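Contents: one structure, followed by commentary.
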Amino acid sequence: MKSSLQKISLAFASIQLMALAFLITGAALPVAAQARAGETVIQKATEQFDNSPLRTTSLGNGVFLFSGDGGNVTAVVDDASTLLIDSGMDSRSIELNDAVFKATTRPVTRLVTTHWHFDHTGGNVFLGSSGVTIIAQENVKKQLSSVQDVPFIGLRDGHYPEQALPTVTYSSSMALRQGSQRLTLANYGSAHTDGDTIIYIAPANVVVVGDIFSNASYPIIDLTSGGSIDGLILSVDRILAQTDEQTKIVPGHGPVATRADLQAYRDMLAQVRQHIKALITAGKTMDEAVATAPTKDFDAKWGSGYVTPDVFTKIVYSSLTKSSASQ
């Protein structure tokens, strides 16, 4: 016989699953047209997200990672409930929910959103409509509430319906408890966007950093949403200062990393910034800078993702010249 808690949890999960069948999201689907129009960053990324198997990894201490379905999704479990960090792709919400419940056997009651991009918020409508409390930095609510364009990568998305929006927001930091785990939510300003949330989980010694870190590929810096190369490096520096060699670092995309992996990423960012800054000082245009291949020393390791070396060079160049309108 199942315990009362298990029965309640199973019933709640069934409600969550049934809810999706009746939803009309109202959110823009950002890639169907892109896939036919050309090889944009978003088209490449979405093909990967739609076709990659969903994998479940236990990180210990009641923390689980779900990868393959858009951005990495992390679950923190206590005796009665599951707190989820990010919600993956909308097209795979039921699949993700099944995997989360299979691993945790606890209903999702809270969702922390690391930033507004569709591959991290696709399940927000599904979860929000099921009564899950959505938590995010205050800029995320503004971004999800309106149409957003990120031309460098071919993304146009929003606005999201009310049930997908955060109902609890914070400015610079927030503390949560999930059973024995303490979660510290932090926003360090401009980085990947201006609404990024880093989640430190203790005593599990796990930090979830969203798209501030892609392992191992060049990152997207969303300049139209307040991101910058300088702010990205500063955020990575602050994360490095609060981690140790045993910390498990969950990136926005890619496998779980170590502090050494994050340090290597930081070194790449700093050197690429230095190279491109020198080109700008020398009066090179964006196209001329791209032609010099300023990332070539790092392409073998970081250039095989859906953000190509040329696109990353253009993003960094625009960030350094404060010309995000040139996207």
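Residues are named by chain letter and number: chains run A, B, ... in the order of the structure tokens, numbers start at 1 in each chain, and ligands are numbered from 1 in the order shown.
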
For this session: Using DSSP on the backbone coordinates, identify the residues of range 199-263 of chain A assigned to strand (DSSP E); present them as a ChimeraX atom specification.
Result: /A:199-202,206-214,248-253

Using the selection just defined, write its residues with C-alpha atoms as a short mmCIF file (atom, residue, chain, number, x, y, z; two decimals), in the first residue's frame.
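part.cif, freshly written:
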data_model
loop_
_atom_site.label_atom_id
_atom_site.label_comp_id
_atom_site.auth_asym_id
_atom_site.auth_seq_id
_atom_site.Cartn_x
_atom_site.Cartn_y
_atom_site.Cartn_z
CA ILE A 199 21.33 29.69 -6.95
CA TYR A 200 23.73 28.51 -4.26
CA ILE A 201 22.52 25.30 -2.59
CA ALA A 202 24.02 24.41 0.80
CA VAL A 206 25.83 22.87 -5.66
CA VAL A 207 25.54 26.13 -7.58
CA VAL A 208 23.15 26.56 -10.50
CA VAL A 209 24.31 29.40 -12.75
CA GLY A 210 21.96 29.35 -15.75
CA ASP A 211 23.32 30.69 -19.03
CA ILE A 212 26.04 32.71 -17.35
CA PHE A 213 28.06 29.55 -18.13
CA SER A 214 27.75 27.14 -21.06
CA LYS A 248 29.21 20.97 -8.40
CA ILE A 249 28.46 23.74 -10.89
CA VAL A 250 25.34 23.30 -13.01
CA PRO A 251 25.68 25.35 -16.21
CA GLY A 252 22.78 26.51 -18.35
CA HIS A 253 23.82 23.97 -20.97
#

Contact check, range 182-231 of chain A to range 110-121 of chain A, at most 7 Å, counting only C-alpha atoms, closest pairs as CSV:
residue,atom,partner,partner_atom,distance
A:Gly195,CA,A:His115,CA,5.7
A:Asp196,CA,A:His115,CA,5.1
A:Thr197,CA,A:Thr114,CA,4.6
A:Ile198,CA,A:Thr114,CA,6.9
A:Gly210,CA,A:Thr114,CA,5.6

N, CA and C atoms of the current selection, written as an mmCIF file, in the first residue's frame:
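After the write, out_7.cif holds the following:
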data_model
loop_
_atom_site.group_PDB
_atom_site.id
_atom_site.type_symbol
_atom_site.label_atom_id
_atom_site.label_comp_id
_atom_site.auth_asym_id
_atom_site.auth_seq_id
_atom_site.Cartn_x
_atom_site.Cartn_y
_atom_site.Cartn_z
ATOM 1 N N GLY A 195 18.662 39.934 -15.764
ATOM 2 C CA GLY A 195 17.738 39.276 -14.847
ATOM 3 C C GLY A 195 18.188 37.897 -14.409
ATOM 4 N N ASP A 196 19.489 37.630 -14.512
ATOM 5 C CA ASP A 196 20.010 36.306 -14.174
ATOM 6 C C ASP A 196 19.901 36.012 -12.684
ATOM 7 N N THR A 197 19.598 34.766 -12.365
ATOM 8 C CA THR A 197 19.634 34.303 -10.982
ATOM 9 C C THR A 197 20.640 33.169 -10.867
ATOM 10 N N ILE A 198 21.559 33.324 -9.923
ATOM 11 C CA ILE A 198 22.473 32.243 -9.537
ATOM 12 C C ILE A 198 21.938 31.669 -8.238
ATOM 13 N N GLY A 210 22.664 28.987 -14.533
ATOM 14 C CA GLY A 210 21.962 29.355 -15.750
ATOM 15 C C GLY A 210 22.910 29.602 -16.897
#

Exercise. Suppose you want the space between CA of Thr247 in chain A and CA of Asn61 in chain A; what is it in Å?
Worked result: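 If I compute the distance from CA of Thr247 in chain A to CA of Asn61 in chain A, I get 12.9 Å.
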
Exercise. Got a sec: who's within 12 Å of range 303-305 of chain A, counting only C-alpha atoms, leaving out chain neighbours fewer than 2 positions off, as an NGL selection string?
Worked result: :A and (41-42 or 44-45 or 48 or 214-220 or 253-254 or 268 or 293 or 295-301 or 307-313)

Exercise. Smallest atom-to-atom distance to Met174 in chain A: which of A:Pro107, A:Glu138, A:Ile315, A:Gln148, using only C-alpha atoms?
Worked result: A:Glu138

For this session: Fewer than 5 positions away in the same chain doesn't count, so skip those; otherwise give me all residues within 10 Å of Ala99 in chain A, counting only C-alpha atoms, as a list in words.
Result: Leu54, Arg55, Thr56, Phe66, Ser93, Ile94, Thr104 and Thr105 of chain A

May I have the residues from that selection written out with N, CA, C and O atoms, as a PDB file, in the first residue's frame?
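The resulting file, again.pdb, is shown below:
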ATOM      1  N   LEU A  54      16.291  13.056 -22.936  1.00  0.00           N
ATOM      2  CA  LEU A  54      16.239  13.673 -21.618  1.00  0.00           C
ATOM      3  C   LEU A  54      16.931  12.747 -20.632  1.00  0.00           C
ATOM      4  O   LEU A  54      16.545  11.589 -20.471  1.00  0.00           O
ATOM      5  N   ARG A  55      17.948  13.252 -19.970  1.00  0.00           N
ATOM      6  CA  ARG A  55      18.747  12.449 -19.044  1.00  0.00           C
ATOM      7  C   ARG A  55      18.560  12.938 -17.613  1.00  0.00           C
ATOM      8  O   ARG A  55      18.483  14.144 -17.375  1.00  0.00           O
ATOM      9  N   THR A  56      18.518  12.011 -16.677  1.00  0.00           N
ATOM     10  CA  THR A  56      18.381  12.326 -15.257  1.00  0.00           C
ATOM     11  C   THR A  56      19.658  11.925 -14.539  1.00  0.00           C
ATOM     12  O   THR A  56      20.138  10.788 -14.692  1.00  0.00           O
ATOM     13  N   PHE A  66      18.273  17.393 -14.774  1.00  0.00           N
ATOM     14  CA  PHE A  66      17.586  16.893 -15.953  1.00  0.00           C
ATOM     15  C   PHE A  66      18.132  17.675 -17.151  1.00  0.00           C
ATOM     16  O   PHE A  66      17.995  18.896 -17.218  1.00  0.00           O
ATOM     17  N   SER A  93       7.182  19.565 -21.998  1.00  0.00           N
ATOM     18  CA  SER A  93       6.783  19.781 -20.608  1.00  0.00           C
ATOM     19  C   SER A  93       6.297  18.505 -19.936  1.00  0.00           C
ATOM     20  O   SER A  93       6.645  18.220 -18.782  1.00  0.00           O
ATOM     21  N   ILE A  94       5.468  17.728 -20.624  1.00  0.00           N
ATOM     22  CA  ILE A  94       4.948  16.499 -20.020  1.00  0.00           C
ATOM     23  C   ILE A  94       6.075  15.495 -19.798  1.00  0.00           C
ATOM     24  O   ILE A  94       6.156  14.857 -18.738  1.00  0.00           O
ATOM     25  N   THR A 104      11.826  12.097  -8.174  1.00  0.00           N
ATOM     26  CA  THR A 104      11.648  12.715  -6.858  1.00  0.00           C
ATOM     27  C   THR A 104      10.466  12.172  -6.070  1.00  0.00           C
ATOM     28  O   THR A 104      10.447  12.280  -4.847  1.00  0.00           O
ATOM     29  N   THR A 105       9.449  11.640  -6.762  1.00  0.00           N
ATOM     30  CA  THR A 105       8.179  11.172  -6.175  1.00  0.00           C
ATOM     31  C   THR A 105       7.538  12.235  -5.279  1.00  0.00           C
ATOM     32  O   THR A 105       6.846  11.915  -4.323  1.00  0.00           O
TER      33      THR A 105
END
